[in-house]
Structures are given as structure tokens and as C-alpha cells.
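Enquirer: Got start14.txt for you, compact mmCIF, C-alpha atoms:
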# COMPACT_ATOMS: atom_id res chain seq x y z
CA MET A 1 0.00 0.00 0.00
CA SER A 2 1.50 3.31 -1.00
CA LEU A 3 0.92 6.79 0.27
CA GLU A 4 1.00 10.21 -1.24
CA VAL A 5 1.69 12.43 1.71
CA ALA A 6 1.51 15.87 1.42
CA LYS A 7 16.34 15.93 22.57
CA LYS A 8 18.36 18.59 22.09
CA GLU A 9 17.76 21.96 23.66
CA ILE A 10 16.50 24.66 21.36
CA GLN A 11 19.15 27.35 21.08
CA GLN A 12 17.89 30.82 21.87
CA PRO A 13 18.39 33.32 19.07
CA THR A 14 21.05 35.95 19.66
CA PRO A 15 19.32 38.87 21.37
CA PRO A 16 19.54 42.46 20.13
CA THR A 17 22.82 44.18 20.99
CA ALA A 18 21.13 47.40 22.01
CA ASP A 19 19.34 47.84 25.32
CA ARG A 20 16.05 47.88 23.50
CA ASN A 21 14.76 45.75 20.69
CA GLY A 22 13.17 47.02 17.48
CA ASN A 23 9.84 47.54 19.23
CA GLY A 24 11.31 49.71 21.95
CA VAL A 25 10.79 47.27 24.82
CA ALA A 26 13.72 46.61 27.14
CA VAL A 27 15.06 43.04 27.23
CA SER A 28 17.56 41.88 29.81
CA GLN A 29 20.87 41.02 28.16
CA SER A 30 21.93 38.66 30.96
CA VAL A 31 18.75 36.60 30.70
CA ALA A 32 18.78 36.55 26.91
CA THR A 33 22.38 35.46 26.60
CA MET A 34 22.70 33.08 29.54
CA HIS A 35 19.49 31.07 29.26
CA ARG A 36 17.89 28.75 26.75
CA LEU A 37 14.31 27.68 26.23
CA ARG A 38 13.19 24.91 28.55
CA LEU A 39 13.04 21.43 27.09
CA ASN A 40 9.73 20.82 28.89
CA PRO A 41 6.97 23.34 29.60
CA ASN A 42 6.40 24.81 33.05
CA THR A 43 2.92 23.36 33.54
CA GLU A 44 2.39 25.30 36.78
CA HIS A 45 2.91 28.67 35.07
CA LYS A 46 -0.22 30.46 33.88
CA PRO A 47 0.73 32.36 30.71
CA ASP A 48 -0.57 35.79 29.80
CA SER A 49 -3.40 36.13 27.29
CA TYR A 50 -2.37 37.51 23.91
CA GLU A 51 -5.90 37.74 22.55
CA GLY A 52 -6.96 41.02 20.96
CA LEU A 53 -3.42 42.09 19.99
CA GLN A 54 -2.28 42.81 16.44
CA LEU A 55 -0.12 39.72 15.92
CA ASP A 56 1.46 37.99 12.95
CA PHE A 57 0.83 34.61 14.58
CA SER A 58 -1.90 32.91 16.60
CA PRO A 59 -2.30 34.23 20.19
CA LEU A 60 -2.32 30.59 21.33
CA LEU A 61 1.19 30.15 19.92
CA PHE A 62 2.53 32.85 22.26
CA SER A 63 0.64 31.48 25.28
CA SER A 64 2.03 28.02 24.56
CA LEU A 65 5.60 29.20 23.98
CA GLU A 66 5.58 31.29 27.16
CA ARG A 67 5.67 28.12 29.26
CA TYR A 68 9.04 27.28 27.67
CA LEU A 69 10.70 30.62 28.53
CA PRO A 70 13.67 30.65 30.94
CA PRO A 71 12.37 30.94 34.54
CA PRO A 72 13.68 34.50 35.10
CA MET A 73 11.67 35.76 32.14
CA LEU A 74 8.30 34.56 33.41
CA SER A 75 7.98 37.62 35.66
CA TYR A 76 8.64 40.05 32.82
CA SER A 77 5.89 42.25 31.42
CA ARG A 78 3.68 40.83 28.69
CA ASP A 79 5.17 43.20 26.10
CA SER A 80 8.71 42.11 26.94
CA LYS A 81 7.83 38.44 26.68
CA LEU A 82 5.79 39.03 23.50
CA ASN A 83 8.63 40.75 21.67
CA TYR A 84 11.19 38.22 22.88
CA MET A 85 9.03 35.32 21.66
CA ARG A 86 8.23 37.08 18.40
CA ASP A 87 11.96 37.36 17.72
CA ILE A 88 12.33 33.62 18.28
CA ILE A 89 9.42 32.79 15.98
CA LEU A 90 10.55 35.12 13.21
CA ARG A 91 13.96 33.50 13.18
CA TYR A 92 12.37 30.10 12.63
CA SER A 93 9.71 31.31 10.18
CA PRO A 94 10.96 31.68 6.58
CA GLU A 95 10.20 34.92 4.73
CA GLY A 96 8.13 33.04 2.15
CA GLU A 97 5.97 31.54 4.89
CA ARG A 98 5.34 34.95 6.44
CA THR A 99 4.39 36.36 3.03
CA ARG A 100 1.89 33.53 2.49
CA ALA A 101 0.44 34.14 5.96
CA GLN A 102 -0.05 37.82 5.15
CA ARG A 103 -1.81 36.99 1.89
CA GLN A 104 -4.01 34.53 3.75
CA ARG A 105 -5.04 37.22 6.25
CA GLU A 106 -5.88 39.63 3.43
CA TYR A 107 -7.89 36.93 1.65
CA ARG A 108 -9.89 36.16 4.80
CA GLN A 109 -10.51 39.80 5.56
CA LYS A 110 -11.91 40.28 2.06
CA ILE A 111 -14.39 37.44 2.59
CA ILE A 112 -15.40 38.48 6.11
CA SER A 113 -15.99 42.08 5.05
CA HIS A 114 -18.49 41.00 2.35
CA TYR A 115 -20.08 37.75 3.53
CA GLN A 116 -23.15 38.06 5.78
CA PRO A 117 -23.47 35.14 8.24
CA LEU A 118 -26.80 33.32 8.35
CA HIS A 119 -26.52 31.96 11.90
CA LYS A 120 -24.53 34.42 13.99
CA GLU A 121 -24.88 32.25 17.08
CA LEU A 122 -22.35 29.84 15.55
CA TYR A 123 -19.56 32.39 15.61
CA THR A 124 -19.25 32.52 19.41
CA MET A 125 -18.60 29.42 21.48
CA ASN A 126 -21.77 28.34 23.30
CA ALA A 127 -20.86 24.96 24.75
CA SER A 128 -24.29 24.07 26.20
CA ASN A 129 -25.91 24.58 22.79
CA PHE A 130 -23.16 22.94 20.75
CA PHE A 131 -22.14 19.81 22.62
CA ALA A 132 -23.75 16.63 23.90
CA PRO A 133 -24.25 16.69 27.71
CA SER A 134 -22.07 13.60 28.22
CA PHE A 135 -19.19 15.27 26.39
CA LEU A 136 -19.54 18.49 28.40
CA LYS A 137 -19.63 16.57 31.68
CA ALA A 138 -16.39 14.77 30.83
CA ILE A 139 -14.68 18.01 29.83
CA ASN A 140 -15.76 19.75 33.04
CA GLU A 141 -14.46 16.88 35.17
CA ASN A 142 -11.22 16.86 33.13
CA ARG A 143 -9.98 13.44 34.24
CA GLU A 144 -8.79 10.50 32.19
CA GLU A 145 -11.43 8.21 33.67
CA SER A 146 -14.13 10.75 32.74
CA PHE A 147 -12.92 10.88 29.14
CA ARG A 148 -12.72 7.10 28.89
CA ARG A 149 -16.24 6.78 30.26
CA ILE A 150 -17.70 8.44 27.14
CA MET A 151 -15.21 6.96 24.65
CA THR A 152 -14.60 3.77 22.79
CA GLU A 153 -11.15 2.91 21.44
CA PRO A 154 -11.76 0.45 18.57
CA SER A 155 -8.07 0.53 17.65
CA GLN A 156 -5.09 1.83 19.59
CA GLY A 157 -5.00 5.63 19.38
CA VAL A 158 -8.39 6.04 17.65
CA PHE A 159 -11.10 7.36 19.99
CA THR A 160 -14.80 7.81 19.18
CA PHE A 161 -17.46 9.57 21.26
CA GLU A 162 -20.74 11.50 21.08
CA MET A 163 -19.89 15.16 20.72
CA LEU A 164 -22.20 17.48 18.75
CA GLN A 165 -25.90 18.13 19.26
CA PRO A 166 -28.12 17.55 16.18
CA HIS A 167 -29.26 21.19 16.17
CA PHE A 168 -25.66 22.42 15.98
CA CYS A 169 -24.98 20.06 13.07
CA GLU A 170 -28.04 21.41 11.25
CA LEU A 171 -27.01 25.03 11.83
CA LEU A 172 -23.45 24.46 10.63
CA LEU A 173 -24.66 22.63 7.52
CA SER A 174 -27.03 25.51 6.80
CA GLU A 175 -24.24 28.07 7.29
CA VAL A 176 -21.92 26.22 4.92
CA GLU A 177 -24.68 26.00 2.29
CA ASN A 178 -25.30 29.74 2.68
CA PHE A 179 -21.60 30.47 2.25
CA GLU A 180 -21.39 28.30 -0.87
CA LYS A 181 -24.46 30.05 -2.26
CA TRP A 182 -22.74 33.41 -1.68
CA VAL A 183 -19.59 32.14 -3.39
CA HIS A 184 -21.63 31.00 -6.41
CA GLU A 185 -23.61 34.24 -6.68
CA THR A 186 -20.60 36.54 -6.30
CA LYS A 187 -18.29 34.28 -8.34
CA PHE A 188 -15.74 34.66 -5.55
CA LYS A 189 -12.83 32.26 -6.01
CA ILE A 190 -12.24 30.41 -2.74
CA MET A 191 -9.51 28.07 -1.58
CA ARG A 192 -10.56 24.49 -0.89
CA PRO A 193 -9.64 22.74 2.38
CA ASN A 194 -6.58 20.91 1.04
CA THR A 195 -5.00 19.47 -2.10
CA MET A 196 -7.02 16.24 -1.89
CA ASN A 197 -10.54 17.64 -1.46
CA LYS A 198 -12.09 19.54 -4.37
CA PHE A 199 -15.33 20.25 -2.49
CA GLY A 200 -15.90 21.78 0.93
CA ALA A 201 -14.93 25.05 2.60
CA VAL A 202 -12.41 26.38 5.09
CA LEU A 203 -14.46 27.52 8.09
CA ASP A 204 -11.72 29.83 9.34
CA ASP A 205 -11.95 31.81 6.09
CA PHE A 206 -15.47 33.14 6.68
CA GLY A 207 -15.32 34.05 10.35
CA LEU A 208 -15.40 30.88 12.43
CA GLU A 209 -11.70 30.94 13.37
CA THR A 210 -12.21 32.34 16.90
CA MET A 211 -14.91 29.80 17.75
CA LEU A 212 -12.75 26.94 16.45
CA ASP A 213 -9.79 28.25 18.44
CA LYS A 214 -11.92 27.90 21.57
CA LEU A 215 -12.99 24.43 20.47
CA MET A 216 -9.36 23.35 20.21
CA GLU A 217 -8.10 25.14 23.32
CA ASP A 218 -10.89 24.36 25.79
CA PHE A 219 -12.23 21.01 24.55
CA ILE A 220 -9.76 19.14 22.32
CA ARG A 221 -6.51 20.09 24.02
CA PRO A 222 -7.53 18.73 27.46
CA ILE A 223 -8.29 15.35 25.87
CA SER A 224 -5.17 15.44 23.71
CA LYS A 225 -3.04 16.24 26.74
CA VAL A 226 -4.11 12.89 28.21
CA PHE A 227 -4.06 10.66 25.13
CA PHE A 228 -1.64 12.31 22.69
CA SER A 229 1.05 13.92 24.85
CA ASP A 230 3.70 12.09 22.79
CA VAL A 231 2.86 14.21 19.73
CA GLY A 232 2.38 17.60 21.39
CA GLY A 233 -1.20 17.11 22.56
CA SER A 234 -0.65 19.38 25.56
CA THR A 235 0.80 22.24 23.47
CA LEU A 236 -1.70 22.51 20.60
CA ASP A 237 -1.63 26.17 19.56
CA SER A 238 -3.06 26.50 16.04
CA HIS A 239 -5.62 24.81 13.83
CA HIS A 240 -7.01 24.39 10.32
CA GLY A 241 -10.80 24.03 10.43
CA PHE A 242 -12.90 22.99 7.44
CA VAL A 243 -15.76 20.89 6.12
CA VAL A 244 -15.50 18.26 3.40
CA GLU A 245 -18.35 17.05 1.21
CA TYR A 246 -18.80 13.62 -0.34
CA GLY A 247 -21.37 12.23 -2.77
CA ILE A 248 -21.93 11.32 -6.40
CA ASP A 249 -21.69 14.99 -7.44
CA ARG A 250 -18.97 15.83 -4.87
CA ASP A 251 -15.75 14.14 -3.84
CA VAL A 252 -16.56 10.43 -3.85
CA GLU A 253 -13.71 9.04 -1.76
CA LEU A 254 -10.42 10.09 -0.21
CA GLY A 255 -7.10 8.36 -0.83
CA PHE A 256 -4.82 6.84 1.77
CA HIS A 257 -2.89 9.65 3.52
CA VAL A 258 -1.75 11.30 6.74
CA ASP A 259 -2.91 14.74 7.94
CA ASP A 260 -0.87 17.91 8.37
CA SER A 261 -1.70 17.91 12.08
CA GLU A 262 -0.59 16.52 15.40
CA VAL A 263 -4.18 15.65 16.39
CA THR A 264 -7.22 15.41 14.10
CA LEU A 265 -10.87 15.80 15.09
CA ASN A 266 -13.33 14.40 12.55
CA VAL A 267 -17.08 14.74 13.17
CA CYS A 268 -19.84 13.71 10.78
CA LEU A 269 -22.49 16.44 10.42
CA GLY A 270 -24.86 14.47 8.17
CA LYS A 271 -26.79 14.19 5.88
CA GLN A 272 -28.36 10.97 4.54
CA PHE A 273 -25.76 8.69 2.93
CA THR A 274 -24.43 5.19 2.57
CA GLY A 275 -20.79 4.15 2.38
CA GLY A 276 -17.97 6.56 3.17
CA ASP A 277 -16.36 4.45 5.90
CA LEU A 278 -13.02 5.60 7.30
CA PHE A 279 -10.19 3.07 7.27
CA PHE A 280 -7.12 3.31 9.52
CA ARG A 281 -3.80 1.55 9.00
CA GLY A 282 -1.35 2.48 11.75
CA VAL A 283 0.70 5.50 12.88
CA ARG A 284 3.90 6.26 10.98
CA CYS A 285 6.73 8.81 10.90
CA ASP A 286 7.98 10.23 7.61
CA LYS A 287 10.59 7.51 7.22
CA HIS A 288 8.06 4.68 7.57
CA VAL A 289 4.97 6.25 6.00
CA ASN A 290 4.88 3.69 3.17
CA THR A 291 5.62 0.57 5.21
CA GLU A 292 3.25 -2.39 5.37
CA THR A 293 0.22 -2.55 7.63
CA HIS A 294 0.07 -5.12 10.43
CA LYS A 295 -3.11 -6.96 11.39
CA ASP A 296 -3.51 -5.19 14.72
CA GLU A 297 -3.49 -1.82 12.92
CA VAL A 298 -6.50 -2.45 10.68
CA LEU A 299 -9.71 -0.57 11.51
CA ASP A 300 -12.79 0.32 9.46
CA TYR A 301 -15.15 2.90 10.99
CA SER A 302 -18.68 3.88 9.92
CA HIS A 303 -19.68 7.53 10.37
CA VAL A 304 -22.55 8.50 12.66
CA PRO A 305 -23.81 12.14 12.62
CA GLY A 306 -22.71 14.01 15.73
CA ARG A 307 -20.17 11.36 16.71
CA ALA A 308 -16.49 12.34 16.74
CA VAL A 309 -13.33 10.48 15.81
CA LEU A 310 -10.10 11.73 17.42
CA HIS A 311 -6.69 10.44 16.30
CA ARG A 312 -3.07 11.40 15.67
CA GLY A 313 -2.54 13.26 12.42
CA ARG A 314 0.16 10.74 11.48
CA HIS A 315 -2.33 7.89 11.76
CA ARG A 316 -2.64 6.66 8.16
CA HIS A 317 -6.21 6.65 6.93
CA GLY A 318 -8.57 7.22 4.04
CA ALA A 319 -12.30 7.31 3.19
CA ARG A 320 -14.12 4.74 1.09
CA ALA A 321 -16.60 5.78 -1.57
CA THR A 322 -19.86 7.41 -0.50
CA THR A 323 -22.18 5.36 -2.69
CA THR A 324 -25.46 7.23 -2.19
CA GLY A 325 -26.60 10.52 -0.71
CA HIS A 326 -24.50 13.40 0.57
CA ARG A 327 -22.04 13.26 3.50
CA VAL A 328 -20.53 16.34 5.18
CA ASN A 329 -17.84 16.18 7.88
CA LEU A 330 -16.27 18.78 10.14
CA LEU A 331 -12.46 18.49 10.38
CA LEU A 332 -10.19 20.26 12.82
CA TRP A 333 -6.47 19.75 12.25
CA CYS A 334 -4.82 20.71 15.56
CA ARG A 335 -1.13 21.62 15.49
CA SER A 336 1.67 22.22 17.98
CA SER A 337 4.48 24.54 16.89
CA VAL A 338 6.52 23.45 19.91
CA PHE A 339 6.27 19.75 19.00
CA ARG A 340 7.18 20.48 15.38
CA GLU A 341 10.30 22.33 16.45
CA LEU A 342 11.36 19.64 18.93
CA ARG A 343 10.73 16.91 16.35
CA LYS A 344 13.56 18.32 14.22
CA TYR A 345 15.98 17.18 16.91
CA GLN A 346 14.37 13.86 17.82
CA LYS A 347 15.89 10.64 16.57
CA ASP A 348 13.81 8.16 18.56
CA LEU A 349 10.15 8.33 17.45
CA SER A 350 9.19 4.97 18.91
CA SER A 351 6.82 6.62 21.42
CA TRP A 352 4.28 7.09 18.59
CA CYS A 353 5.48 5.56 15.28
CA GLY A 354 4.35 1.93 15.06
CA GLU A 355 7.21 0.87 12.81
CA CYS A 356 9.85 2.61 14.96
CA GLN A 357 8.43 0.70 17.94
CA ARG A 358 8.79 -2.62 16.09
CA GLU A 359 12.34 -1.84 15.00
CA LYS A 360 13.28 -0.86 18.56
CA LYS A 361 11.86 -4.10 19.96
CA GLU A 362 13.74 -6.09 17.34
CA ARG A 363 17.02 -4.35 18.27
CA GLN A 364 16.39 -5.00 21.96
CA SER A 365 15.56 -8.64 21.29
CA LEU A 366 18.68 -9.06 19.18
CA SER A 367 20.80 -7.41 21.86
CA ILE A 368 19.41 -9.73 24.55
CA SER A 369 19.96 -12.76 22.34
CA THR A 370 23.56 -11.70 21.59
CA THR A 371 24.26 -11.08 25.28
CA LYS A 372 22.91 -14.53 26.20
CA GLN A 373 25.09 -16.19 23.55
CA GLU A 374 28.16 -14.38 24.82
CA LEU A 375 27.39 -15.43 28.41
CA LEU A 376 26.92 -19.05 27.32
CA LYS A 377 30.26 -18.98 25.49
CA LYS A 378 32.02 -17.60 28.57
CA GLU A 379 30.39 -20.25 30.80
CA GLY A 380 31.44 -22.95 28.32
CA LYS A 381 35.05 -21.77 28.31
CA ALA A 382 35.06 -21.55 32.10
CA ALA A 383 33.80 -25.15 32.34
CA THR A 384 36.59 -26.43 30.12
Produce C-alpha cells that represent the structure in this file.
Expert:
Amino acid sequence: MSLEVAKKEIQQPTPPTADRNGNGVAVSQSVATMHRLRLNPNTEHKPDSYEGLQLDFSPLLFSSLERYLPPPMLSYSRDSKLNYMRDIILRYSPEGERTRAQRQREYRQKIISHYQPLHKELYTMNASNFFAPSFLKAINENREESFRRIMTEPSQGVFTFEMLQPHFCELLLSEVENFEKWVHETKFKIMRPNTMNKFGAVLDDFGLETMLDKLMEDFIRPISKVFFSDVGGSTLDSHHGFVVEYGIDRDVELGFHVDDSEVTLNVCLGKQFTGGDLFFRGVRCDKHVNTETHKDEVLDYSHVPGRAVLHRGRHRHGARATTTGHRVNLLLWCRSSVFRELRKYQKDLSSWCGECQREKKERQSLSISTTKQELLKKEGKAAT
């Protein structure tokens, strides 16, 4: 089966030589030059909120990164920390990527300034109206046993649970249809969710970004912290939210792939359909993405409206053909900039890659076998 797939310390960037950086905020030279980012976040530190500021990057990215700052910096003013972190991010972010981000913001602003929402209540998080009571109860309790009580795990690392109320699904479907109608009437050229889906819409592009940020931060990240900490589940700080549409006159199926995410939320919104099952075939790193599937990694899953599937983005999967009707799914690709940076320095990925785990076990088994043979040889020589 083939795929087409789109711990060292992190060195601090050299701080400005002047007493003040380019934004006019003082930064301590001694702290900047003598300390490095922490390898692990300070989970007891409550970061400042960066919401409402004019930023080039997601406010959640700064809140997440703040927990990795050297201890002396945690007491600094928000502006000092903001500018210090911005300098770090800019050094890691290529110019081309920043240009694309700017174009994306301009594109979204153009849509938002012209498109009139149909259901304005969708654009602000209203948990009691959006989510199933069992899901809300588990989130409020925020314990592993509470999460497991509402979940099933049909295959290792794939969790399913009731999540969205039917009324919310209906409203979101109606909003998407209204947006697509506006696109058709205005002949506005929109970007599709990804390179594999030719139908569907990016929800962030027409105003739902803030609501989806809250969905990730307050509801998906607590679960991911428990079940996906090995891939940055506790430091999710950005997302890509969209809907995909399947049917005879839409995308019919989706090829075998991995997602550009650390954690993926996939919820069926409806409508009436047959077929369209998801199939999963094991978690893989880049090196092993095309390796064979083992029997214990095979899972086929049938969609149920309102029911969520949560899995690692690197969990290989695809969607079988939707044979009748029309199926629409909400996808939230949740990402961790911290995990992506740390992954550049990691050599052992056996904590989450199935094939790396197998190779590691084989090496350990071979080492034990070799050691036993050497001991037997020594005992034999001693006996003679």
C-alpha cells in the first residue's frame, strides 16, 4: 500500500545588541544570553493572554511558547515576553511563509468584510448549545477516567465519542450552504480545504476561526493532553478548520494519507448517505509512511452524525466511496508549533510511530539474544 503524503535543547536566538529591541521594549541582556528555552513546559505557570493584539501569529502560539521561557523571564511584562518570543518565531519562520500568511489574512478579511453570516450564534462558542451533555460533563471533570467513560477505542489511538448536538450540526450545515451560495452568486474564487478535497470550505476563512480556536483550546486540548502527549497534545496552539463534502456529485472518496496535524478531530455532520467508511492503517513517521500494515493496525469505521473520531494526524487513513446521498464532515487539524520544532531534533520516534516501535523491539531482542550467547560462550570456556 502506497501513500502520497503531502532531545536537544532549542538554542535561543542571539538577542539584540542594544538595550532595546526594534519595538522599543527593554530586554535583559543577561537573561537573553545566559538562558535557553526549557526542554519541557512549566505546567504550573499560567501564561498571559495575547488575545486582541495585532499579531502575525496565533495568540495561542505565544501562550504556549511562554511556558518554555527561561524561569527569570516569566515575571517580565507581557510586552517584553511578547517581543522576545516574536523574535524567536521570526527567526524560525521563513520569509516566504510569512508572506503567504499575510496573503491569507488579506484573503480572509476580504471574505469576512463581504459575507453576511446566516446563523450568527455559531460564531461565538456556546458549549451548552453545541455539545452533547455527556461530552460536556467529561470536559468539566477533566480526568482521564471521565474521558474514557464516554469513549470507545476500537483501535489503539483512535477514539470515538458522542460530541455534537443535532441542532448544531443542522445550523453548521445551513451556514456552509449559505456560504457556498454566496460564493456562487458573487463568483468569488475560494480556496478548498486541502490538495485532496475539491469540495468543501475552510471555516476559518469566513469568520469561524475564533470559535474553532476555543474548540481546540478548551475542549480538544484537554483530551489530547491525556491521550496524545507524545505528539504535542498538551501544546496545541493552532488549527485548520474545514468541512468536506462527499457524494456522487462531490468528492466520492479520499485516498490513503496522513494529515498535516498533530491531532485530528473528525465529526460527521450528516446528511443521509451510505458508504464513506473511514479506514485506519497504523501510525507512521515520515521515514516509515509507506511501510506495510500489520493486522492489529486495521480498523474500518462507519460515520454517525454528531459522533467524533479523534486520532493522531500521522495515523494513516482514508475514506471509502460514499455510494449514495450526501455526507458532510467537520475536520479540525490541531497543530503544535513546539512539538514540530522539537521533532527536528528527535531521533527516537518509537513513542508514537508503530514501525519505529517494532524496530526498537527487534534491536532489543537481538541485543538480549547476543548477550545470552556471549554469556553461554564464557560459561562454556570456564567449564573447560
Enquirer: Would you pick out the contacts of segment 185-198 of chain A at 12 Å or less, using all atoms listed in the file, so that residues sharing its chain but fewer than 2 positions from it are not included, and give the list as an NGL selection string?
Expert: :A and (4-6 or 104 or 107-108 or 110-111 or 114-115 or 178-183 or 200-206 or 240-247 or 249-260 or 318-319 or 329-333)
Enquirer: What is the atom CA of Asp218 of chain A to atom CA of Val158 of chain A distance in Å?
Expert: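 Those two atoms sit 20.2 Å apart.
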Enquirer: Would you list the contacts of Gly270 of chain A as a PyMOL selection string, taking every protein, DNA or RNA residue within 6 Å and counting all atoms listed in the file, but skipping same-chain residues closer than 3 positions in sequence?
Expert: chain A and resi 305+327-328
Enquirer: Using all atoms listed in the file, find each residue in segment 237-343 of chain A having at least one atom no more than 12 Å away from segment 352-363 of chain A; report its shortest atom-to-atom pair and that distance in Å (one decimal), rows by chain then rising number, as a tab-separated table.
Expert:
residue	atom	partner	partner_atom	distance
A:Glu262	CA	A:Trp352	CA	11.1
A:Arg281	CA	A:Gly354	CA	10.2
A:Gly282	CA	A:Gly354	CA	6.6
A:Val283	CA	A:Cys353	CA	5.3
A:Arg284	CA	A:Cys353	CA	4.6
A:Cys285	CA	A:Cys353	CA	5.6
A:Asp286	CA	A:Cys353	CA	9.3
A:Lys287	CA	A:Cys356	CA	9.2
A:His288	CA	A:Glu355	CA	6.5
A:Val289	CA	A:Glu355	CA	9.0
A:Asn290	CA	A:Glu355	CA	10.3
A:Thr291	CA	A:Glu355	CA	7.8
A:Glu292	CA	A:Glu355	CA	9.0
A:Thr293	CA	A:Glu355	CA	9.3
A:His294	CA	A:Gly354	CA	9.5
A:Asp296	CA	A:Gly354	CA	10.6
A:Glu297	CA	A:Gly354	CA	9.0
A:His311	CA	A:Trp352	CA	11.7
A:Arg312	CA	A:Trp352	CA	9.0
A:Gly313	CA	A:Trp352	CA	11.1
A:Arg314	CA	A:Cys353	CA	8.3
A:His315	CA	A:Cys353	CA	8.9
A:Arg316	CA	A:Cys353	CA	10.9
A:Arg343	CA	A:Trp352	CA	12.0
Enquirer: Which of these residues is nearest to Leu349 of chain A, using all atoms listed in the file: A:Val231, A:Tyr123, A:Arg98, A:Glu162?
Expert: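 Among the listed residues, the smallest separation from Leu349 of chain A belongs to A:Val231.
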Enquirer: One number please: atom CA of Ser336 of chain A to atom CA of Ser238 of chain A, in Å, one decimal.
Expert: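 According to the coordinates, atom CA of Ser336 of chain A and atom CA of Ser238 of chain A are separated by 6.7 Å.
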Enquirer: Counting all atoms listed in the file, which of A:Ala382, A:Leu69, A:Leu82, A:Leu164 gets nearest to Phe131 of chain A?
Expert: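 Looking only at the distances to Phe131 of chain A, the closest residue turns out to be A:Leu164.
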Enquirer: What gap, in Å, lies between atom CA of Leu55 of chain A and atom CA of Arg36 of chain A?
Expert: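 Those two atoms sit 23.7 Å apart.
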Enquirer: Enumerate, as a count of residues only, the protein, DNA and RNA residues whose atoms approach (-29.0, 9.8, 8.7) to within 10 Å, taking into account only C-alpha atoms and the coordinate frame of the file.
Expert: 12
Enquirer: From the options A:Met151, A:Ala138, A:Leu236, A:Val267, which residue's atoms come nearest to Pro166 of chain A, counting all atoms listed in the file?
Expert: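 Going through A:Met151, A:Ala138, A:Leu236, A:Val267 one by one, the smallest distance to Pro166 of chain A is for A:Val267.
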